[in-house]
$ cat data32.cif   # mmCIF, C-alpha atoms
data_start
loop_
_atom_site.label_atom_id
_atom_site.label_comp_id
_atom_site.auth_asym_id
_atom_site.auth_seq_id
_atom_site.Cartn_x
_atom_site.Cartn_y
_atom_site.Cartn_z
CA MET S 14 -44.34 1.51 42.99
CA LYS S 15 -44.77 1.51 46.77
CA ARG S 16 -44.68 3.79 49.77
CA LEU S 17 -41.77 3.20 52.14
CA SER S 18 -42.61 2.10 55.69
CA ALA S 19 -40.43 3.23 58.60
CA VAL S 20 -38.69 -0.16 58.63
CA GLU S 21 -38.04 -0.10 54.87
CA ALA S 22 -36.69 3.45 54.96
CA ASP S 23 -34.29 2.36 57.70
CA VAL S 24 -33.40 -0.77 55.72
CA ILE S 25 -32.25 1.05 52.60
CA ARG S 26 -30.40 3.70 54.63
CA SER S 27 -28.53 1.17 56.80
CA ASN S 28 -26.53 -1.95 56.00
CA GLN S 29 -29.47 -4.33 55.66
CA HIS S 30 -30.77 -3.50 52.22
CA GLU S 31 -33.16 -6.27 51.24
CA PHE S 32 -36.85 -5.83 50.55
CA ASN S 33 -39.07 -8.78 51.29
CA GLY S 34 -42.60 -9.21 49.94
CA VAL S 35 -41.64 -8.34 46.39
CA GLU S 36 -43.51 -11.24 44.71
CA GLY S 37 -45.22 -8.84 42.34
CA LEU S 38 -41.90 -7.84 40.82
CA ARG S 39 -41.57 -11.30 39.22
CA SER S 40 -43.75 -10.09 36.34
CA MET S 41 -41.15 -7.40 35.63
CA LEU S 42 -37.86 -9.00 36.68
CA GLY S 43 -38.61 -12.67 35.96
CA ASP S 44 -37.53 -15.80 37.86
CA PRO S 45 -33.88 -15.35 38.82
CA GLN S 46 -31.27 -18.05 38.49
CA GLY S 47 -28.92 -17.23 41.32
CA ARG S 48 -28.32 -13.58 42.04
CA GLN S 49 -29.30 -11.50 39.03
CA GLN S 50 -27.86 -8.00 38.82
CA PHE S 51 -29.65 -5.28 36.87
CA PRO S 52 -27.75 -2.09 35.95
CA ALA S 53 -29.76 0.74 37.50
CA LYS S 54 -29.91 4.50 37.69
CA PHE S 55 -30.97 5.84 41.10
CA LEU S 56 -32.67 9.21 41.58
CA TYR S 57 -33.87 11.11 44.64
CA LEU S 58 -36.41 13.80 43.82
CA SER S 59 -37.78 16.67 45.89
CA ASP S 60 -39.31 20.06 45.13
CA GLN S 61 -36.47 21.98 46.76
CA ASP S 62 -33.79 20.99 44.25
CA ASP S 63 -33.96 21.77 40.55
CA GLU S 64 -31.74 18.79 39.81
CA PRO S 65 -32.25 15.29 41.28
CA ILE S 66 -29.61 13.38 43.23
CA VAL S 67 -28.40 10.79 40.70
CA GLU S 68 -26.20 7.71 41.06
CA ASP S 69 -25.50 4.74 38.81
CA GLY S 70 -25.30 1.24 40.26
CA PHE S 71 -27.09 -2.13 40.43
CA LEU S 72 -30.23 -3.69 41.88
CA THR S 73 -29.86 -7.39 42.75
CA TRP S 74 -32.83 -9.77 42.38
CA TYR S 75 -32.77 -13.28 43.85
CA ASP S 76 -34.77 -16.07 45.48
CA ALA S 77 -33.51 -16.67 49.03
CA ARG S 78 -35.05 -20.17 49.03
CA GLN S 79 -33.61 -21.40 45.73
CA LYS S 80 -30.69 -23.26 47.37
CA ALA S 81 -32.99 -24.96 49.92
CA ARG S 82 -35.30 -26.15 47.13
CA GLU S 83 -32.46 -27.52 45.06
CA GLU S 84 -30.59 -29.20 47.93
CA ARG S 85 -33.36 -30.25 50.34
CA GLY S 86 -36.52 -30.10 48.25
CA VAL S 87 -38.07 -27.36 50.44
CA MET S 88 -40.84 -26.08 48.15
CA ARG S 89 -40.76 -22.44 49.18
CA TRP S 90 -39.99 -19.25 47.30
CA GLU S 91 -38.86 -16.02 48.91
CA TYR S 92 -37.97 -13.29 46.46
CA ARG S 93 -35.83 -10.41 47.62
CA LEU S 94 -34.55 -7.21 46.10
CA TYR S 95 -31.20 -5.82 47.20
CA PHE S 96 -30.96 -2.01 47.23
CA PRO S 97 -27.37 -0.65 47.61
CA THR S 98 -26.19 2.10 49.92
CA ASN S 99 -25.80 5.35 48.01
CA LEU S 100 -26.81 9.01 48.27
CA VAL S 101 -30.33 8.16 47.11
CA SER S 102 -30.96 5.44 49.69
CA GLN S 103 -29.47 7.62 52.42
CA SER S 104 -31.95 10.39 51.57
CA ALA S 105 -35.02 8.10 51.85
CA ALA S 106 -37.52 8.57 54.67
CA GLU S 107 -40.75 6.97 55.88
CA GLY S 108 -43.68 7.71 53.55
CA ASP S 109 -41.48 8.51 50.53
CA LEU S 110 -42.49 7.01 47.20
CA LEU S 111 -40.32 4.25 45.68
CA LEU S 112 -40.67 3.61 41.95
CA ILE S 113 -38.79 0.83 40.15
CA ALA S 114 -39.19 0.82 36.36
CA LYS S 115 -37.66 -1.35 33.67
CA HIS S 116 -36.40 0.16 30.44
CA PRO S 117 -36.78 -1.75 27.15
CA ASP S 118 -33.02 -2.46 27.22
CA GLY S 119 -33.39 -4.31 30.55
CA THR S 120 -31.81 -1.62 32.73
CA LEU S 121 -33.75 -0.32 35.74
CA LEU S 122 -34.72 3.09 37.03
CA ALA S 123 -35.08 3.38 40.83
CA ILE S 124 -36.65 6.61 42.04
CA VAL S 125 -37.31 7.82 45.57
CA ALA S 126 -39.63 10.87 45.65
CA GLU S 127 -40.09 12.86 48.84
CA LYS S 128 -43.47 12.46 50.51
CA GLY S 129 -46.03 15.21 49.94
CA THR S 130 -44.13 16.90 47.11
CA THR S 131 -45.28 17.94 43.66
CA ILE S 132 -42.88 15.55 41.93
CA GLU S 133 -44.30 12.65 43.98
CA SER S 134 -47.82 13.66 42.89
CA GLN S 135 -46.69 13.96 39.27
CA ILE S 136 -45.06 10.52 39.18
CA THR S 137 -48.17 8.94 40.71
CA TRP S 138 -50.32 10.68 38.05
CA LEU S 139 -48.01 9.86 35.14
CA PHE S 140 -47.95 6.13 35.83
CA GLY S 141 -51.62 5.95 36.84
CA PHE S 142 -51.23 4.65 40.40
CA SER S 143 -53.93 5.55 42.90
CA ASP S 144 -54.03 3.10 45.83
CA LEU S 145 -50.64 2.69 47.50
CA THR S 146 -51.94 1.92 50.99
CA HIS S 147 -51.10 -1.81 50.98
CA PRO S 148 -47.55 -2.80 52.00
CA GLY S 149 -46.37 -4.53 48.80
CA PHE S 150 -45.49 -3.18 45.38
CA SER S 151 -48.24 -2.06 43.01
CA ILE S 152 -47.33 -3.26 39.51
CA LYS S 153 -48.34 -1.95 36.07
CA SER S 154 -47.24 -3.19 32.68
CA GLU S 155 -48.97 -0.49 30.62
CA LEU S 156 -49.83 3.16 31.01
CA GLU S 157 -53.44 4.24 31.37
CA THR S 158 -55.15 5.64 28.26
CA GLU S 159 -54.87 9.22 29.53
CA GLN S 160 -51.10 9.01 29.90
CA ASP S 161 -50.42 6.87 26.85
CA ARG S 162 -50.03 9.88 24.60
CA ILE S 163 -46.87 11.74 25.52
CA GLY S 164 -48.17 15.29 25.65
CA PHE S 165 -46.37 18.33 27.00
CA ALA S 166 -47.39 17.65 30.62
CA ALA S 167 -46.13 14.06 30.56
CA ARG S 168 -42.90 15.20 28.88
CA VAL S 169 -42.31 17.66 31.75
CA VAL S 170 -42.41 14.83 34.30
CA LEU S 171 -40.48 12.31 32.19
CA GLU S 172 -37.58 14.70 31.71
CA GLN S 173 -37.33 15.22 35.46
CA ILE S 174 -36.84 11.47 35.93
CA GLY S 175 -34.28 11.18 33.15
CA VAL S 176 -36.51 9.80 30.39
CA GLU S 177 -36.49 11.69 27.10
CA PRO S 178 -39.30 10.79 24.67
CA GLU S 179 -38.04 10.20 21.14
CA GLU S 180 -40.47 12.24 19.13
CA GLU S 181 -39.56 14.07 15.94
CA ALA S 182 -41.18 15.88 13.04
CA PRO S 183 -38.72 15.06 10.22
CA ASN S 184 -41.13 16.27 7.52
CA TYR S 185 -40.42 19.84 8.64
CA LEU S 186 -36.61 19.58 8.93
CA ASP S 187 -35.68 20.69 5.39
CA GLN S 188 -38.16 23.56 5.60
CA MET S 189 -36.72 24.71 8.95
CA LEU S 190 -33.10 24.46 7.73
CA MET S 191 -33.96 26.61 4.74
CA LYS S 192 -36.09 29.11 6.64
CA PHE S 193 -33.65 29.59 9.53
CA LYS S 194 -30.47 29.15 7.42
CA GLY S 195 -29.13 26.25 9.46
CA THR S 196 -29.17 28.08 12.81
CA PHE S 197 -31.36 28.38 15.89
CA PRO S 198 -33.73 31.31 15.32
CA LYS S 199 -34.97 33.82 17.90
CA THR S 200 -37.62 32.25 20.12
CA VAL S 201 -40.32 34.68 18.98
CA ASP S 202 -39.66 33.71 15.34
CA PHE S 203 -39.66 30.00 16.13
CA SER S 204 -42.92 30.26 18.08
CA SER S 205 -44.54 32.06 15.16
CA TYR S 206 -43.30 29.35 12.78
CA ALA S 207 -44.63 26.59 15.06
CA ARG S 208 -48.10 28.20 15.03
CA SER S 209 -47.96 28.51 11.24
CA THR S 210 -47.67 24.71 10.94
CA LEU S 211 -51.07 24.47 12.67
CA ASN S 212 -52.76 27.10 10.52
CA ASP S 213 -56.22 25.61 10.99
CA LEU S 214 -56.00 26.18 14.76
CA SER S 215 -57.11 29.42 16.39
CA SER S 216 -57.22 30.42 20.03
CA ARG S 217 -60.42 32.39 19.38
CA ASP S 218 -62.43 29.18 19.66
CA ASP S 219 -60.56 27.41 22.46
CA PRO S 220 -57.53 29.21 23.95
CA ASP S 221 -56.78 26.34 26.34
CA ALA S 222 -56.49 23.71 23.60
CA ALA S 223 -54.64 26.08 21.26
CA LEU S 224 -52.01 27.01 23.84
CA VAL S 225 -51.19 23.36 24.59
CA ALA S 226 -51.18 22.39 20.90
CA TRP S 227 -48.82 25.25 20.04
CA MET S 228 -46.46 24.36 22.87
CA GLU S 229 -46.44 20.67 21.94
CA ARG S 230 -45.80 21.47 18.27
CA GLU S 231 -42.99 23.90 19.06
CA GLU S 232 -41.38 21.38 21.41
CA ILE S 233 -41.36 18.65 18.76
CA LEU S 234 -40.12 20.99 16.03
CA PHE S 235 -37.39 22.38 18.25
CA ARG S 236 -36.14 18.91 19.25
CA THR S 237 -36.09 17.93 15.57
CA LEU S 238 -34.00 20.96 14.62
CA GLU S 239 -31.82 20.66 17.72
CA LYS S 240 -31.00 17.01 17.06
CA HIS S 241 -29.86 17.84 13.54
CA LEU S 242 -27.83 20.96 14.38
CA LEU S 243 -26.16 19.43 17.44
CA GLY S 244 -25.34 16.31 15.43
CA GLU S 245 -23.68 18.48 12.76
CA ARG S 246 -21.61 20.35 15.35
CA LEU S 247 -20.54 17.16 17.12
CA ARG S 248 -19.49 15.60 13.81
CA ARG S 249 -17.51 18.74 12.96
CA LEU S 250 -15.64 18.61 16.27
CA THR S 251 -14.87 14.93 15.75
CA GLN S 252 -13.78 15.38 12.12
CA ASP S 253 -11.49 18.25 13.14
CA GLY S 254 -9.72 15.84 15.47
CA VAL S 255 -10.57 17.75 18.63
CA ASP S 256 -9.43 15.59 21.54
CA ASP S 257 -10.05 18.16 24.30
CA THR S 258 -13.33 17.47 26.14
CA GLU S 259 -14.00 21.15 26.89
CA PRO S 260 -15.60 22.05 23.50
CA PHE S 261 -17.95 19.05 23.81
CA ILE S 262 -18.90 19.98 27.38
CA LYS S 263 -19.57 23.59 26.36
CA LEU S 264 -21.75 22.43 23.47
CA VAL S 265 -23.89 20.26 25.75
CA GLN S 266 -24.15 22.94 28.44
CA SER S 267 -25.20 25.49 25.83
CA ALA S 268 -27.87 23.12 24.51
CA LEU S 269 -29.29 22.49 28.01
CA GLN S 270 -29.38 26.22 28.78
CA ARG S 271 -31.11 26.92 25.47
CA ARG S 272 -33.77 24.32 26.25
CA LYS S 273 -34.53 25.82 29.67
CA SER S 274 -34.74 29.44 28.57
CA ARG S 275 -36.60 28.69 25.36
CA ALA S 276 -39.50 26.82 27.04
CA GLY S 277 -40.38 29.83 29.20
CA SER S 278 -40.07 32.27 26.31
CA ALA S 279 -42.17 30.04 24.04
CA LEU S 280 -45.01 30.00 26.57
CA GLU S 281 -45.00 33.80 26.77
CA ASN S 282 -44.89 34.06 22.97
CA HIS S 283 -47.96 31.85 22.55
CA LEU S 284 -49.80 33.66 25.36
CA GLU S 285 -49.25 36.92 23.47
CA GLN S 286 -51.02 35.37 20.49
CA VAL S 287 -53.94 34.31 22.72
CA PHE S 288 -54.28 37.84 24.10
CA ALA S 289 -54.03 39.37 20.62
CA ASP S 290 -56.71 37.00 19.28
CA HIS S 291 -59.08 38.12 22.06
CA GLY S 292 -58.31 41.83 21.98
CA VAL S 293 -56.69 41.87 25.42
CA THR S 294 -54.19 44.71 25.94
CA TYR S 295 -51.06 44.11 28.03
CA THR S 296 -47.41 44.96 28.55
CA ARG S 297 -44.84 42.19 28.52
CA THR S 298 -41.97 42.51 31.03
CA GLY S 299 -42.86 46.07 32.00
CA VAL S 300 -40.81 47.50 34.89
CA THR S 301 -42.56 47.88 38.28
CA GLU S 302 -41.20 48.61 41.77
CA LYS S 303 -37.56 47.78 42.58
CA ASN S 304 -36.92 47.08 38.90
CA HIS S 305 -39.11 43.94 38.93
CA LYS S 306 -40.33 42.84 35.50
CA PRO S 307 -43.55 40.79 35.70
CA ASP S 308 -44.21 38.71 32.60
CA PHE S 309 -47.51 40.48 31.86
CA ILE S 310 -49.31 43.54 33.25
CA PHE S 311 -52.92 44.21 32.20
CA PRO S 312 -54.25 46.44 30.73
CA GLY S 313 -50.77 47.98 30.44
CA ILE S 314 -47.74 49.24 32.33
CA HIS S 315 -48.74 52.90 31.89
CA HIS S 316 -52.04 52.11 33.62
CA TYR S 317 -50.06 50.46 36.42
CA HIS S 318 -47.93 53.57 36.99
CA ASN S 319 -50.95 55.91 36.82
CA ALA S 320 -51.94 56.41 40.49
CA LEU S 321 -55.44 57.49 39.37
CA PHE S 322 -56.11 54.22 37.54
CA PRO S 323 -58.23 51.93 39.79
CA GLN S 324 -56.19 49.22 41.45
CA ASP S 325 -59.01 46.69 41.10
CA ARG S 326 -58.72 46.91 37.30
CA LEU S 327 -55.05 45.92 37.28
CA THR S 328 -53.96 42.31 36.74
CA MET S 329 -50.55 40.66 36.84
CA LEU S 330 -49.77 37.31 35.20
CA ALA S 331 -46.57 35.35 35.64
CA SER S 332 -45.97 32.44 33.27
CA LYS S 333 -43.72 29.49 34.08
CA SER S 334 -43.78 26.30 32.02
CA THR S 335 -42.79 24.55 35.28
CA CYS S 336 -42.73 26.23 38.66
CA LYS S 337 -41.63 23.94 41.54
CA ASP S 338 -40.78 26.23 44.48
CA ARG S 339 -39.95 29.09 42.10
CA TRP S 340 -43.54 30.38 42.22
CA ARG S 341 -42.58 32.38 45.33
CA GLN S 342 -40.40 34.59 43.13
CA ILE S 343 -43.50 36.43 41.91
CA LEU S 344 -44.78 37.49 45.33
CA ASN S 345 -42.90 40.82 45.31
CA GLU S 346 -43.70 41.67 41.71
CA ALA S 347 -46.31 44.36 41.02
CA ILE S 348 -47.24 45.54 44.52
CA ARG S 349 -50.43 47.21 43.25
CA THR S 350 -51.89 43.80 42.38
CA PRO S 351 -52.36 41.94 45.69
CA THR S 352 -53.58 38.78 43.90
CA LYS S 353 -50.94 37.31 41.59
CA HIS S 354 -52.02 35.11 38.70
CA LEU S 355 -49.60 32.34 37.74
CA LEU S 356 -49.98 30.35 34.53
CA THR S 357 -48.11 27.07 34.28
CA LEU S 358 -48.17 23.86 32.26
CA GLU S 359 -47.06 21.74 35.20
CA PRO S 360 -49.41 18.84 35.99
CA SER S 361 -50.46 17.61 39.41
CA ILE S 362 -48.89 20.18 41.72
CA SER S 363 -49.21 18.90 45.29
CA GLU S 364 -51.95 20.11 47.63
CA ASN S 365 -49.24 21.30 50.01
CA GLN S 366 -47.99 23.68 47.34
CA THR S 367 -51.40 24.89 46.17
CA ASN S 368 -52.48 25.50 49.77
CA GLU S 369 -49.41 27.71 50.19
CA MET S 370 -50.31 29.53 46.97
CA ILE S 371 -53.82 30.21 48.24
CA ALA S 372 -52.42 31.54 51.52
CA GLU S 373 -50.09 33.86 49.58
CA ARG S 374 -52.93 35.02 47.25
CA VAL S 375 -51.51 33.35 44.16
CA GLN S 376 -54.17 32.19 41.69
CA LEU S 377 -53.03 29.23 39.57
CA VAL S 378 -54.02 29.24 35.88
CA LEU S 379 -53.69 26.07 33.77
CA PRO S 380 -54.98 24.91 30.40
CA ARG S 381 -58.27 23.09 30.95
CA GLY S 382 -56.86 19.72 29.82
CA LEU S 383 -54.44 19.68 32.77
CA HIS S 384 -57.10 20.24 35.43
CA SER S 385 -57.86 16.52 35.62
CA THR S 386 -54.33 15.86 36.91
CA TYR S 387 -55.33 17.71 40.11
CA SER S 388 -57.59 16.59 42.96
CA ASN S 389 -61.29 17.52 42.93
CA LYS S 390 -60.67 19.98 45.74
CA GLN S 391 -57.91 21.70 43.77
CA GLN S 392 -59.94 21.74 40.54
CA SER S 393 -62.69 23.81 42.18
CA TRP S 394 -60.12 26.59 42.70
CA LEU S 395 -58.13 26.42 39.45
CA MET S 396 -58.66 28.91 36.63
CA ASP S 397 -58.30 27.97 32.96
CA VAL S 398 -56.85 30.10 30.14
CA ALA S 399 -60.25 31.04 28.71
CA SER S 400 -61.45 32.22 32.13
CA PHE S 401 -58.32 34.27 32.70
CA THR S 402 -58.62 35.85 29.25
CA ARG S 403 -62.22 36.86 29.97
CA HIS S 404 -61.14 38.16 33.38
CA ALA S 405 -58.42 40.41 31.90
CA LEU S 406 -60.75 41.59 29.09
CA HIS S 407 -63.52 42.44 31.59
CA ARG S 408 -61.17 44.52 33.73
CA GLN S 409 -59.81 46.21 30.62
#

$ encode --input "data32.cif" --output "structure tokens"
Amino acid sequence: MKRLSAVEADVIRSNQHEFNGVEGLRSMLGDPQGRQQFPAKFLYLSDQDDEPIVEDGFLTWYDARQKAREERGVMRWEYRLYFPTNLVSQSAAEGDLLLIAKHPDGTLLAIVAEKGTTIESQITWLFGFSDLTHPGFSIKSELETEQDRIGFAARVVLEQIGVEPEEEAPNYLDQMLMKFKGTFPKTVDFSSYARSTLNDLSSRDDPDAALVAWMEREEILFRTLEKHLLGERLRRLTQDGVDDTEPFIKLVQSALQRRKSRAGSALENHLEQVFADHGVTYTRTGVTEKNHKPDFIFPGIHHYHNALFPQDRLTMLASKSTCKDRWRQILNEAIRTPTKHLLTLEPSISENQTNEMIAERVQLVLPRGLHSTYSNKQQSWLMDVASFTRHALHRQ
């Protein structure tokens, strides 16, 4: 990983695409014999776009002095990395983050993340890099202890960079197939089932830990069931001799849409259980002005619409498993609550974004275990789930 200088950003945008000073990459790419091409996937990430810019191609690794050593005995080494012209390189700018990672199969992942963005902050956190002030590449062969366990927060970031952790709970598959009759159940039913597999866990003791544990368990159980059911449907299409690509495309698109909508619903489902465990009253998706439907209104929507009920006892909570720039969508919801509370499971949101939230009177709420992914300055402002629950109960 390294930060791009002005010269380097120009280099990978123009026709001269070679990085010098890449000695550290030898530990990852080895000593090349001639020009060694690595198949690579290129991504450009920013907070403005939900989907990254993606291109497939090659990175070329070679020693510019190899021929001189072999022919004239000049004992010098000068390793270079060739970065091709593509949409990703053309989007790069000074100060952007460049990450080059090697998959176990030998292919490479080359990511450019826009400077000052949340995704840049998240990638730096995920891979445990802190000091990127020197000009060369910083190299790591292992993740730090904190990131070594692929929890929900790490999964969020990995999926954005095209890496899907292979984690399953096969011991529950037969039980799920029987319980849900070989189909995808309603999200509220699946969330309840996921909690039932952790029956020794209660949010009464630690709502922050419980919420994360429930989300992680539901994610693993869902991926286990999804893998099986999608595999069955794909096999059926193949066995039926379907040679039109459209049914396969529709199946994949449906699966991706289900994943996105289910994660948000699952978070709301588990939050309901937290509130129920603590005796907090609320209305979920109650209608406010201009037909807006905030995720939660406390102590209830009828209190919100009662002009005699004190405004300072009303609370609004939006929940988004990931938020990016979408947090601004909540600003016009529930006009009677000038401070908006936003609960997310997204790690390491940039200071640029949290400063904007503070200016717009949005209070970020995260499970306590994610606070350490933020700077000390940010942590002093963050609210955890237990604190928010007490806050809503006190106002109630």

$ residues_around --input "data32.cif" --residues "region 241-246 of chain S" --least-positions-apart "5" --cutoff "9 Å" --atoms "only C-alpha atoms" --output "number ranges by chain"
S: 186, 195-197, 236, 251, 264-265, 268

$ closest_residue --input "data32.cif" --among "S:Met14, S:Leu42, S:Leu100, S:Leu280" --to "Gly70 (chain S)" --atoms "all atoms listed in the file"
S:Leu100

$ resolve_selection --input "data32.cif" --expression "the PyMOL selection byres ((chain S and resi 101) around 9)" --output "PyMOL selection string"
chain S and resi 26+55-58+66-68+98-100+102-105+124-125

$ write_last_selection --input "data32.cif" --atoms "C-alpha atoms" --output "mmCIF file, keeping the file's coordinate frame"
data_model
loop_
_atom_site.group_PDB
_atom_site.id
_atom_site.type_symbol
_atom_site.label_atom_id
_atom_site.label_comp_id
_atom_site.auth_asym_id
_atom_site.auth_seq_id
_atom_site.Cartn_x
_atom_site.Cartn_y
_atom_site.Cartn_z
ATOM 1 C CA ARG S 26 -30.400 3.700 54.630
ATOM 2 C CA PHE S 55 -30.970 5.840 41.100
ATOM 3 C CA LEU S 56 -32.670 9.210 41.580
ATOM 4 C CA TYR S 57 -33.870 11.110 44.640
ATOM 5 C CA LEU S 58 -36.410 13.800 43.820
ATOM 6 C CA ILE S 66 -29.610 13.380 43.230
ATOM 7 C CA VAL S 67 -28.400 10.790 40.700
ATOM 8 C CA GLU S 68 -26.200 7.710 41.060
ATOM 9 C CA THR S 98 -26.190 2.100 49.920
ATOM 10 C CA ASN S 99 -25.800 5.350 48.010
ATOM 11 C CA LEU S 100 -26.810 9.010 48.270
ATOM 12 C CA SER S 102 -30.960 5.440 49.690
ATOM 13 C CA GLN S 103 -29.470 7.620 52.420
ATOM 14 C CA SER S 104 -31.950 10.390 51.570
ATOM 15 C CA ALA S 105 -35.020 8.100 51.850
ATOM 16 C CA ILE S 124 -36.650 6.610 42.040
ATOM 17 C CA VAL S 125 -37.310 7.820 45.570
#

$ closest_residue --input "data32.cif" --among "S:Tyr387, S:Phe401, S:Trp394, S:Phe309" --to "Leu139 (chain S)" --atoms "all atoms listed in the file"
S:Tyr387

$ atom_distance --input "data32.cif" --atom1 "CA of His30 (chain S)" --atom2 "CA of Arg16 (chain S)"
15.9 Å

$ resolve_selection --input "data32.cif" --expression "the PyMOL selection byres ((chain S and resi 180) around 9)" --output "number ranges by chain"
S: 177-179, 181-182, 233, 236-237

$ closest_residue --input "data32.cif" --among "S:Phe288, S:Thr120, S:Lys80, S:Pro45" --to "Leu94 (chain S)" --atoms "all atoms listed in the file"
S:Pro45

$ resolve_selection --input "data32.cif" --expression "the PyMOL selection byres ((chain S and resi 282-284) around 9)" --output "list in words"
Thr200, Val201, Ser204, Ser205, Arg208, Ala223, Leu224, Trp227, Met228, Gly277, Ser278, Ala279, Leu280, Glu281, Glu285, Gln286, Val287, Phe288, Ala289 and Ser332 of chain S

$ atom_distance --input "data32.cif" --atom1 "CA of Asp63 (chain S)" --atom2 "CA of Gln342 (chain S)"
14.6 Å

$ residues_around --input "data32.cif" --residues "region 187-190 of chain S" --least-positions-apart "3" --cutoff "9 Å" --atoms "only C-alpha atoms" --output "list in words"
Pro183, Asn184, Phe193, Lys194, Gly195, Thr196, Tyr206, Leu234 and Leu238 of chain S

$ atom_distance --input "data32.cif" --atom1 "CA of Gly382 (chain S)" --atom2 "CA of Asn368 (chain S)"
21.2 Å

$ closest_residue --input "data32.cif" --among "S:Ile262, S:Ile136, S:Ala106, S:Gln61" --to "Leu250 (chain S)" --atoms "all atoms listed in the file"
S:Ile262

$ residues_around --input "data32.cif" --residues "Pro307 (chain S)" --least-positions-apart "5" --cutoff "8 Å" --atoms "all atoms listed in the file" --output "JSON list (two decimals) with C-alpha atoms, keeping the file's coordinate frame"
[["chain", "number", "residue", "atom", "x", "y", "z"],
["S", 297, "ARG", "CA", -44.84, 42.19, 28.52],
["S", 298, "THR", "CA", -41.97, 42.51, 31.03],
["S", 299, "GLY", "CA", -42.86, 46.07, 32.00],
["S", 300, "VAL", "CA", -40.81, 47.50, 34.89],
["S", 301, "THR", "CA", -42.56, 47.88, 38.28],
["S", 329, "MET", "CA", -50.55, 40.66, 36.84],
["S", 330, "LEU", "CA", -49.77, 37.31, 35.20],
["S", 331, "ALA", "CA", -46.57, 35.35, 35.64],
["S", 343, "ILE", "CA", -43.50, 36.43, 41.91],
["S", 346, "GLU", "CA", -43.70, 41.67, 41.71],
["S", 347, "ALA", "CA", -46.31, 44.36, 41.02]]
